[in-house]
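A short worksheet on the structure shown next.
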Protein chains: 2
Amino acid sequence: MQNLLKGLVQKNSTKIVLVVLDGLGGLPVNGKTELEAAKTPNLDALARDGACGLHVPVAYGITPGSGPGHFSLFGYSPIEFQIGRGILEALGLGMDVRKTDICLRCNYATIKDGLIQDRRAGRIPTEQSSKITARLQSAIRKIDDAEILFAPGMEHRFAVIFRFPEPLSSDADAVNDTDPQKEGKASLQPMAAAQAAERVARVAEKFVAAVAAELKEEKQANYLLLRGFSVMPHIPSFDEVYGLNAVAIANYPMYGGLAKLVGMKTPHVPGGVPEEIAFLKANYSSHDFFFVHVKKVDSYGEDGNFEGKCSRIEEFDALLPRILALNPDVLVITGDHSTPALMMGHSWHPVPVVVKSPYVLGGLCSGFSERECTKGELGIFPTVNLMPLALANAGRLKKFGA
Amino acid sequence: MQNLLKGLVQKNSTKIVLVVLDGLGGLPVNGKTELEAAKTPNLDALARDGACGLHVPVAYGITPGSGPGHFSLFGYSPIEFQIGRGILEALGLGMDVRKTDICLRCNYATIKDGLIQDRRAGRIPTEQSSKITARLQSAIRKIDDAEILFAPGMEHRFAVIFRFPEPLSSDADAVNDTDPQKEGKASLQPMAAAQAAERVARVAEKFVAAVAAELKEEKQANYLLLRGFSVMPHIPSFDEVYGLNAVAIANYPMYGGLAKLVGMKTPHVPGGVPEEIAFLKANYSSHDFFFVHVKKVDSYGEDGNFEGKCSRIEEFDALLPRILALNPDVLVITGDHSTPALMMGHSWHPVPVVVKSPYVLGGLCSGFSERECTKGELGIFPTVNLMPLALANAGRLKKFGA
């Protein structure tokens, strides 16, 4: 699909705004979904006039993680472009990921007599583990020719990057996890399954030894386990594929990180949704595609907090007129996946979407909700179709064939 | 898709029941389809609360046979996994098909002076042809190293298996039909198009000669034609792909046979739908996936008997509470294809489906019918998506990507 698009893309001066309310889709509790229960006069008005539908991020029945959810929204096949877990962890902790890097998600662990006693080091408090991580960063800065970068995470988790002097090939991350997956076993030796991964495995082995030596006096976090070796995938950029000068406006690092993988600008935007929208307004002239990410809708869904999720949706609805005032040529409002409060986690359910543009039918839905969107003109469709649709509505796609 | 699923499947204690009302979909006669004309209070209640939609077994406009219809329902691409006609015939006649077998659908024919006079031996009565088949079975038990197994069919039709001592390779069935397709021509020599098929062609040639010798005194059925040489395809099992311990509850042999190809248990379940449901109840604890097949809906459709089809649907509806009483975690009720009485045969029309689970929107359809299902939350979708959806609703699929 993206190859088809490349030959059809034409540039113009239109503006496209994609608002992602993370985990937007829901399920009924006492008869109403979060979107149905929330008071959303502005979204409802958009849905009445706009093109609505529901999109399927990966496939029927498949629950997407944040990586596949966003890649689909950006128009990249989430099956073709799979993002390594090490990369996601590093992005989520705000690390700058480059083509020279091997990213790793790490656990502090407890070892005794060569056997892993606790794979999570008793889930030591974040404050304590952050100090240990800072100490490791001071002590371990380079192994062989790889620069070593740490980022502290929650409890026993942290991320590490091995930064080599030059870009790595796509199989440089073919190294197994050292995590034995069960307590009472020895940790595994990092072994290369491809030639390009051999230097990485050597660095990993020395790295584990160096960390273990540093931590030997710790009671709980006296060892570490390495998981998800991953190199940055080669992904054609938004500019290459769509001819778009795109910016991500996201105050949680992972989402800016995902956007950076497809070549979006990722300025630091502190604050909440009002600050994100203020940033959108202030930078409206300097880009033509804006990815605005609203995190908290998902967070309350994950917590099973139905009312909390509703109130975050209402909060966004109240701010929506500020985006409408910019009068973007195409405005898309949707989620990256569903996170029903009922399920306290991501789910496979199709995600409601509304597209505002002068070139829609409209008049099919009475408001913005999962059920109303089933009546919309977009139907139930794969999420990767959204980007071509946005480009088309922006007049950025030429006719295919004569 | 199944490769993707394999990595996501997790086991739990949930129960999934898939009820297939064979040939369920219909078309209006005097303004109403069979489902619309039938009184189905229980199905209608399910449709009001459940997730509804319509599924497309193969592709728009393609009318599926029973093989592709069921393979799609089981989540196997009906284009990738094509079942040979010989196998279907053998399964339909209740034969036990193994990896060592070449299956054949055979016709009795009339030959004179080396030319086929009648390709169907005057459609001799079933009673008469069954006797001939029994006689052949007594006379012909082995050719070369292949055991020969016969099964009588309707009128001039019967099935034969060549059972070799060891499993056959996938190209062992590359032998042409001997049927010349037109009267007045000689039957064709069975020729191998692959090395692995040469012994099969030799057995076939000797087999035709042996049968002809046995039948030379018959007036009508004095010859036979071989069609659809087929070896059992390699199909990953339900257990391998979905981690499901599955059982088929089907009182027509072909459907148990199809289920057996994907590794389901296929106990003998005599009787009608009440006996099938009783079997379901009695064996509810020993499996986690139940395929319940209801044949007669299709049979009346094939006969063009609109009222008969309605009454079979009503009969099932009246029994539905017995299934509901088991409270399965996920209940899917649908068909394998449409068989509108209006058309007196299978058709390409999408098939209505309802999914009962705690994780649905519901509230979109006023009853269970083709037209109401167009309003449902599942949309119109490829049939192969049903299995992932059932697994997801049963909590048997992990998240894809982080």
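Following the order of the structure tokens, first chain is A, next is B, and so on, with residues numbered from 1 inside each chain and ligands from 1 in the order they appear.
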
Please return, as an mmCIF file with C-alpha atoms, in the first residue's frame, all residues of chain B lying within 6 Å of chain A when only C-alpha atoms are considered.
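And here is the file that came out, out05.cif:
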data_model
loop_
_atom_site.group_PDB
_atom_site.id
_atom_site.type_symbol
_atom_site.label_atom_id
_atom_site.label_comp_id
_atom_site.auth_asym_id
_atom_site.auth_seq_id
_atom_site.Cartn_x
_atom_site.Cartn_y
_atom_site.Cartn_z
ATOM 1 C CA LEU B 361 -21.275 -3.925 22.666
ATOM 2 C CA ASN B 385 -11.578 -14.024 11.417
ATOM 3 C CA PRO B 388 -9.385 -15.369 16.496
ATOM 4 C CA LEU B 389 -12.443 -13.448 17.674
ATOM 5 C CA ALA B 392 -10.034 -13.295 22.121
ATOM 6 C CA LYS B 399 -1.456 -8.858 23.485
ATOM 7 C CA PHE B 400 0.476 -8.429 20.216
ATOM 8 C CA GLY B 401 3.551 -6.236 20.655
ATOM 9 C CA ALA B 402 4.305 -4.080 23.669
#

Within 10 Å of B:Ile111, counting only C-alpha atoms, which residues qualify if same-chain residues fewer than 3 places away don't, as a compact mmCIF listing (two decimals) with N, CA and C atoms, in the first residue's frame?
# COMPACT_ATOMS: atom_id res chain seq x y z
N TYR B 108 -19.77 -45.87 -10.92
CA TYR B 108 -20.01 -47.00 -11.80
C TYR B 108 -20.38 -46.44 -13.17
N GLY B 114 -15.00 -50.94 -25.45
CA GLY B 114 -13.91 -50.05 -25.01
C GLY B 114 -14.30 -48.59 -24.90
N LEU B 115 -15.57 -48.23 -25.16
CA LEU B 115 -16.00 -46.84 -25.04
C LEU B 115 -17.04 -46.70 -23.94
N ILE B 116 -16.98 -45.59 -23.22
CA ILE B 116 -17.93 -45.35 -22.13
C ILE B 116 -19.28 -44.97 -22.73
N GLN B 117 -20.29 -45.81 -22.45
CA GLN B 117 -21.64 -45.56 -22.97
C GLN B 117 -22.43 -44.66 -22.02
N ASP B 118 -22.22 -44.87 -20.74
CA ASP B 118 -22.95 -44.07 -19.74
C ASP B 118 -22.02 -43.85 -18.55
N ARG B 119 -21.68 -42.62 -18.26
CA ARG B 119 -20.72 -42.29 -17.20
C ARG B 119 -21.31 -42.55 -15.81
N ALA B 121 -23.70 -45.23 -15.28
CA ALA B 121 -24.32 -46.56 -15.29
C ALA B 121 -25.83 -46.48 -15.11
N GLU B 183 -19.51 -39.11 -22.84
CA GLU B 183 -19.86 -40.44 -23.30
C GLU B 183 -19.29 -40.67 -24.71
N GLY B 184 -19.07 -41.93 -25.05
CA GLY B 184 -18.58 -42.25 -26.39
C GLY B 184 -17.07 -42.22 -26.50
N LYS B 185 -16.41 -41.94 -25.40
CA LYS B 185 -14.95 -41.92 -25.42
C LYS B 185 -14.42 -43.05 -24.55
N ALA B 186 -13.16 -43.39 -24.75
CA ALA B 186 -12.52 -44.38 -23.89
C ALA B 186 -12.18 -43.73 -22.55
N SER B 187 -12.14 -44.55 -21.50
CA SER B 187 -11.69 -43.98 -20.22
C SER B 187 -10.19 -43.74 -20.32
N ALA B 212 -13.03 -54.19 -13.44
CA ALA B 212 -13.66 -54.49 -14.73
C ALA B 212 -13.86 -55.99 -14.90
N LYS B 216 -17.68 -57.77 -15.33
CA LYS B 216 -17.92 -57.92 -16.77
C LYS B 216 -19.29 -58.48 -17.12
N LYS B 219 -24.92 -55.63 -16.43
CA LYS B 219 -25.47 -54.96 -17.62
C LYS B 219 -25.11 -53.48 -17.64
N GLN B 220 -25.40 -52.86 -16.50
CA GLN B 220 -25.17 -51.39 -16.47
C GLN B 220 -23.82 -51.06 -15.85
N ALA B 221 -23.64 -51.53 -14.61
CA ALA B 221 -22.41 -51.17 -13.88
C ALA B 221 -21.31 -52.16 -14.21
N ASN B 222 -20.82 -52.10 -15.44
CA ASN B 222 -19.78 -53.05 -15.82
C ASN B 222 -18.39 -52.40 -15.91
N TYR B 223 -18.27 -51.21 -15.34
CA TYR B 223 -16.98 -50.51 -15.38
C TYR B 223 -16.98 -49.44 -14.28
N LEU B 224 -15.82 -48.80 -14.10
CA LEU B 224 -15.81 -47.68 -13.14
C LEU B 224 -14.90 -46.57 -13.63

Discussion item. Could you pull out the alpha helix (DSSP H) residues of stretch 181-368 of chain B, going by DSSP on the backbone, and write them as a PyMOL selection string?
Written reply: chain B and resi 198-215+238-242+253-261+273-282+296-302+306-324

Item to complete: Check stretch 55-246 of chain A with DSSP on the backbone and list each residue it calls strand (DSSP E or B), as a count of residues only.
Response: 47

Who sits within 6 Å of stretch 73-77 of chain B, only C-alpha atoms, same chain under 6 positions skipped, as a short mmCIF file (atom, residue, chain, number, x, y, z; two decimals) with C-alpha atoms, in the first residue's frame:
data_model
loop_
_atom_site.label_atom_id
_atom_site.label_comp_id
_atom_site.auth_asym_id
_atom_site.auth_seq_id
_atom_site.Cartn_x
_atom_site.Cartn_y
_atom_site.Cartn_z
CA THR B 383 -15.03 -16.04 7.96
CA VAL B 384 -11.45 -16.94 8.95
CA MET B 387 -11.76 -18.15 15.34
#

Worksheet entry | Nearest residue to B:Leu104 from the set B:Arg202, B:His287, B:Lys182, B:Arg227 (distances using only C-alpha atoms) | B:Arg227

Item to complete: Work out how far atom CA of B:Thr133 is from atom CA of B:Ala204, in Å to one decimal.
Response: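 Taking atom CA of B:Ala204 as the start and atom CA of B:Thr133 as the end point, the length is 16.7 Å.
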
At most 10 Å is the cut-off: for each residue in stretch 11-82 of chain A with any atom that close to an atom of stretch 305-317 of chain A, write down the nearest atom pair and the distance in Å rounded to one decimal, counting only C-alpha atoms, chain first then increasing number, as JSON lines.
{"residue": "A:Leu21", "atom": "CA", "partner": "A:Ile313", "partner_atom": "CA", "distance": 8.0}
{"residue": "A:Gly23", "atom": "CA", "partner": "A:Lys309", "partner_atom": "CA", "distance": 9.6}
{"residue": "A:Leu24", "atom": "CA", "partner": "A:Ile313", "partner_atom": "CA", "distance": 8.3}
{"residue": "A:Gly26", "atom": "CA", "partner": "A:Phe306", "partner_atom": "CA", "distance": 9.3}
{"residue": "A:Leu27", "atom": "CA", "partner": "A:Phe306", "partner_atom": "CA", "distance": 9.9}
{"residue": "A:Pro28", "atom": "CA", "partner": "A:Phe306", "partner_atom": "CA", "distance": 9.8}
{"residue": "A:Val29", "atom": "CA", "partner": "A:Phe306", "partner_atom": "CA", "distance": 8.1}
{"residue": "A:Thr33", "atom": "CA", "partner": "A:Phe306", "partner_atom": "CA", "distance": 8.7}
{"residue": "A:Glu34", "atom": "CA", "partner": "A:Cys310", "partner_atom": "CA", "distance": 5.3}
{"residue": "A:Leu35", "atom": "CA", "partner": "A:Cys310", "partner_atom": "CA", "distance": 6.8}
{"residue": "A:Glu36", "atom": "CA", "partner": "A:Cys310", "partner_atom": "CA", "distance": 8.8}
{"residue": "A:Ala37", "atom": "CA", "partner": "A:Cys310", "partner_atom": "CA", "distance": 6.9}
{"residue": "A:Ala38", "atom": "CA", "partner": "A:Cys310", "partner_atom": "CA", "distance": 5.0}
{"residue": "A:Lys39", "atom": "CA", "partner": "A:Glu314", "partner_atom": "CA", "distance": 6.0}
{"residue": "A:Thr40", "atom": "CA", "partner": "A:Asp317", "partner_atom": "CA", "distance": 5.6}
{"residue": "A:Pro41", "atom": "CA", "partner": "A:Asp317", "partner_atom": "CA", "distance": 7.3}
{"residue": "A:Asn42", "atom": "CA", "partner": "A:Asp317", "partner_atom": "CA", "distance": 5.9}
{"residue": "A:Leu43", "atom": "CA", "partner": "A:Asp317", "partner_atom": "CA", "distance": 6.2}
{"residue": "A:Asp44", "atom": "CA", "partner": "A:Asp317", "partner_atom": "CA", "distance": 9.3}

Got time to write the residues from that selection, C-alpha atoms, as a PDB file, in the first residue's frame?
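Dumped to out32.pdb:
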ATOM      1  CA  LEU A  21      -6.999   9.499  22.513  1.00  0.00           C
ATOM      2  CA  GLY A  23      -7.162   3.435  24.429  1.00  0.00           C
ATOM      3  CA  LEU A  24     -10.319   5.311  23.359  1.00  0.00           C
ATOM      4  CA  GLY A  26     -14.664   0.895  25.403  1.00  0.00           C
ATOM      5  CA  LEU A  27     -17.416  -1.543  26.354  1.00  0.00           C
ATOM      6  CA  PRO A  28     -20.736  -1.011  28.116  1.00  0.00           C
ATOM      7  CA  VAL A  29     -20.933  -0.858  31.905  1.00  0.00           C
ATOM      8  CA  THR A  33     -19.655   2.635  27.031  1.00  0.00           C
ATOM      9  CA  GLU A  34     -17.297   5.334  28.274  1.00  0.00           C
ATOM     10  CA  LEU A  35     -17.911   7.391  25.115  1.00  0.00           C
ATOM     11  CA  GLU A  36     -21.671   6.956  25.518  1.00  0.00           C
ATOM     12  CA  ALA A  37     -21.637   7.905  29.178  1.00  0.00           C
ATOM     13  CA  ALA A  38     -19.335  10.906  28.773  1.00  0.00           C
ATOM     14  CA  LYS A  39     -20.883  14.270  27.885  1.00  0.00           C
ATOM     15  CA  THR A  40     -19.172  15.136  24.612  1.00  0.00           C
ATOM     16  CA  PRO A  41     -21.163  17.787  22.749  1.00  0.00           C
ATOM     17  CA  ASN A  42     -18.252  18.778  20.531  1.00  0.00           C
ATOM     18  CA  LEU A  43     -17.273  15.259  19.513  1.00  0.00           C
ATOM     19  CA  ASP A  44     -20.943  14.451  18.923  1.00  0.00           C
TER      20      ASP A  44
END

Fill in: Between atom CA of B:Phe164 and atom CA of B:Ile235 - distance in Å to one decimal
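Computed distance, atom CA of B:Ile235 to atom CA of B:Phe164, equals 19.9 Å.
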
Worksheet, complete the sentence: Of A:Glu218, A:Gly304, A:Ile102, A:Ile148, the one nearest to A:Ile132 when counting only C-alpha atoms is A:Glu218

Discussion item. Residues near stretch 2-19 of chain A, anyone? I mean within 7 Å using only C-alpha atoms, not counting same-chain ones fewer than 4 positions away, as a PyMOL selection string.
Written reply: chain A and resi 241-243+288-293+328-334+394+396-400

I need the chosen residues saved as a PDB file, in the first residue's frame, with N, CA and C atoms.
ATOM      1  N   VAL A 241       7.432   8.575   2.508  1.00  0.00           N
ATOM      2  CA  VAL A 241       6.233   7.863   2.055  1.00  0.00           C
ATOM      3  C   VAL A 241       5.099   8.817   1.711  1.00  0.00           C
ATOM      4  N   TYR A 242       4.903   9.833   2.550  1.00  0.00           N
ATOM      5  CA  TYR A 242       3.729  10.690   2.395  1.00  0.00           C
ATOM      6  C   TYR A 242       4.079  12.118   1.958  1.00  0.00           C
ATOM      7  N   GLY A 243       5.379  12.441   1.926  1.00  0.00           N
ATOM      8  CA  GLY A 243       5.764  13.818   1.629  1.00  0.00           C
ATOM      9  C   GLY A 243       5.288  14.782   2.692  1.00  0.00           C
ATOM     10  N   ASP A 288       3.042  20.242   8.370  1.00  0.00           N
ATOM     11  CA  ASP A 288       1.756  19.997   7.708  1.00  0.00           C
ATOM     12  C   ASP A 288       1.021  18.771   8.256  1.00  0.00           C
ATOM     13  N   PHE A 289       1.665  18.020   9.160  1.00  0.00           N
ATOM     14  CA  PHE A 289       0.978  16.896   9.816  1.00  0.00           C
ATOM     15  C   PHE A 289       1.278  16.951  11.307  1.00  0.00           C
ATOM     16  N   PHE A 290       0.236  16.847  12.108  1.00  0.00           N
ATOM     17  CA  PHE A 290       0.366  16.968  13.563  1.00  0.00           C
ATOM     18  C   PHE A 290      -0.245  15.743  14.218  1.00  0.00           C
ATOM     19  N   PHE A 291       0.578  15.000  14.944  1.00  0.00           N
ATOM     20  CA  PHE A 291       0.101  13.851  15.718  1.00  0.00           C
ATOM     21  C   PHE A 291       0.019  14.313  17.177  1.00  0.00           C
ATOM     22  N   VAL A 292      -1.214  14.418  17.663  1.00  0.00           N
ATOM     23  CA  VAL A 292      -1.430  14.890  19.041  1.00  0.00           C
ATOM     24  C   VAL A 292      -1.867  13.695  19.876  1.00  0.00           C
ATOM     25  N   HIS A 293      -1.084  13.382  20.905  1.00  0.00           N
ATOM     26  CA  HIS A 293      -1.337  12.180  21.695  1.00  0.00           C
ATOM     27  C   HIS A 293      -1.883  12.527  23.078  1.00  0.00           C
ATOM     28  N   PRO A 328      -8.279  23.005  10.708  1.00  0.00           N
ATOM     29  CA  PRO A 328      -7.421  22.133   9.887  1.00  0.00           C
ATOM     30  C   PRO A 328      -8.202  21.590   8.688  1.00  0.00           C
ATOM     31  N   ASP A 329      -7.501  21.362   7.587  1.00  0.00           N
ATOM     32  CA  ASP A 329      -8.172  20.834   6.387  1.00  0.00           C
ATOM     33  C   ASP A 329      -8.736  19.448   6.674  1.00  0.00           C
ATOM     34  N   VAL A 330      -7.966  18.644   7.383  1.00  0.00           N
ATOM     35  CA  VAL A 330      -8.444  17.318   7.776  1.00  0.00           C
ATOM     36  C   VAL A 330      -8.148  17.123   9.260  1.00  0.00           C
ATOM     37  N   LEU A 331      -9.177  16.771  10.004  1.00  0.00           N
ATOM     38  CA  LEU A 331      -9.010  16.456  11.428  1.00  0.00           C
ATOM     39  C   LEU A 331      -9.497  15.033  11.644  1.00  0.00           C
ATOM     40  N   VAL A 332      -8.611  14.199  12.188  1.00  0.00           N
ATOM     41  CA  VAL A 332      -8.969  12.815  12.497  1.00  0.00           C
ATOM     42  C   VAL A 332      -8.899  12.656  14.011  1.00  0.00           C
ATOM     43  N   ILE A 333      -9.974  12.164  14.621  1.00  0.00           N
ATOM     44  CA  ILE A 333      -9.960  11.913  16.065  1.00  0.00           C
ATOM     45  C   ILE A 333     -10.286  10.445  16.292  1.00  0.00           C
ATOM     46  N   THR A 334      -9.384   9.765  16.998  1.00  0.00           N
ATOM     47  CA  THR A 334      -9.565   8.334  17.208  1.00  0.00           C
ATOM     48  C   THR A 334      -8.674   7.858  18.355  1.00  0.00           C
ATOM     49  N   ALA A 394      -7.127  15.553   2.214  1.00  0.00           N
ATOM     50  CA  ALA A 394      -6.299  16.765   2.176  1.00  0.00           C
ATOM     51  C   ALA A 394      -5.874  17.112   0.750  1.00  0.00           C
ATOM     52  N   ARG A 396      -3.995  15.410  -1.160  1.00  0.00           N
ATOM     53  CA  ARG A 396      -2.575  15.089  -1.308  1.00  0.00           C
ATOM     54  C   ARG A 396      -2.323  13.790  -2.081  1.00  0.00           C
ATOM     55  N   LEU A 397      -3.347  13.227  -2.689  1.00  0.00           N
ATOM     56  CA  LEU A 397      -3.150  12.013  -3.489  1.00  0.00           C
ATOM     57  C   LEU A 397      -3.694  12.218  -4.896  1.00  0.00           C
ATOM     58  N   LYS A 398      -2.845  11.959  -5.879  1.00  0.00           N
ATOM     59  CA  LYS A 398      -3.271  12.032  -7.274  1.00  0.00           C
ATOM     60  C   LYS A 398      -4.116  10.813  -7.638  1.00  0.00           C
ATOM     61  N   LYS A 399      -4.753  10.892  -8.758  1.00  0.00           N
ATOM     62  CA  LYS A 399      -5.529   9.788  -9.302  1.00  0.00           C
ATOM     63  C   LYS A 399      -4.614   8.609  -9.616  1.00  0.00           C
ATOM     64  N   PHE A 400      -5.104   7.417  -9.414  1.00  0.00           N
ATOM     65  CA  PHE A 400      -4.353   6.193  -9.730  1.00  0.00           C
ATOM     66  C   PHE A 400      -4.814   5.669 -11.086  1.00  0.00           C
TER      67      PHE A 400
END

Discussion item. Need to verify the contact set: A:Ser138, 12 Å, only C-alpha atoms, exclusion of same-chain residues closer than 2 positions in sequence. Can you return it as an NGL selection string?
Written reply: :A and (131-136 or 140-142 or 148-150 or 211 or 214)
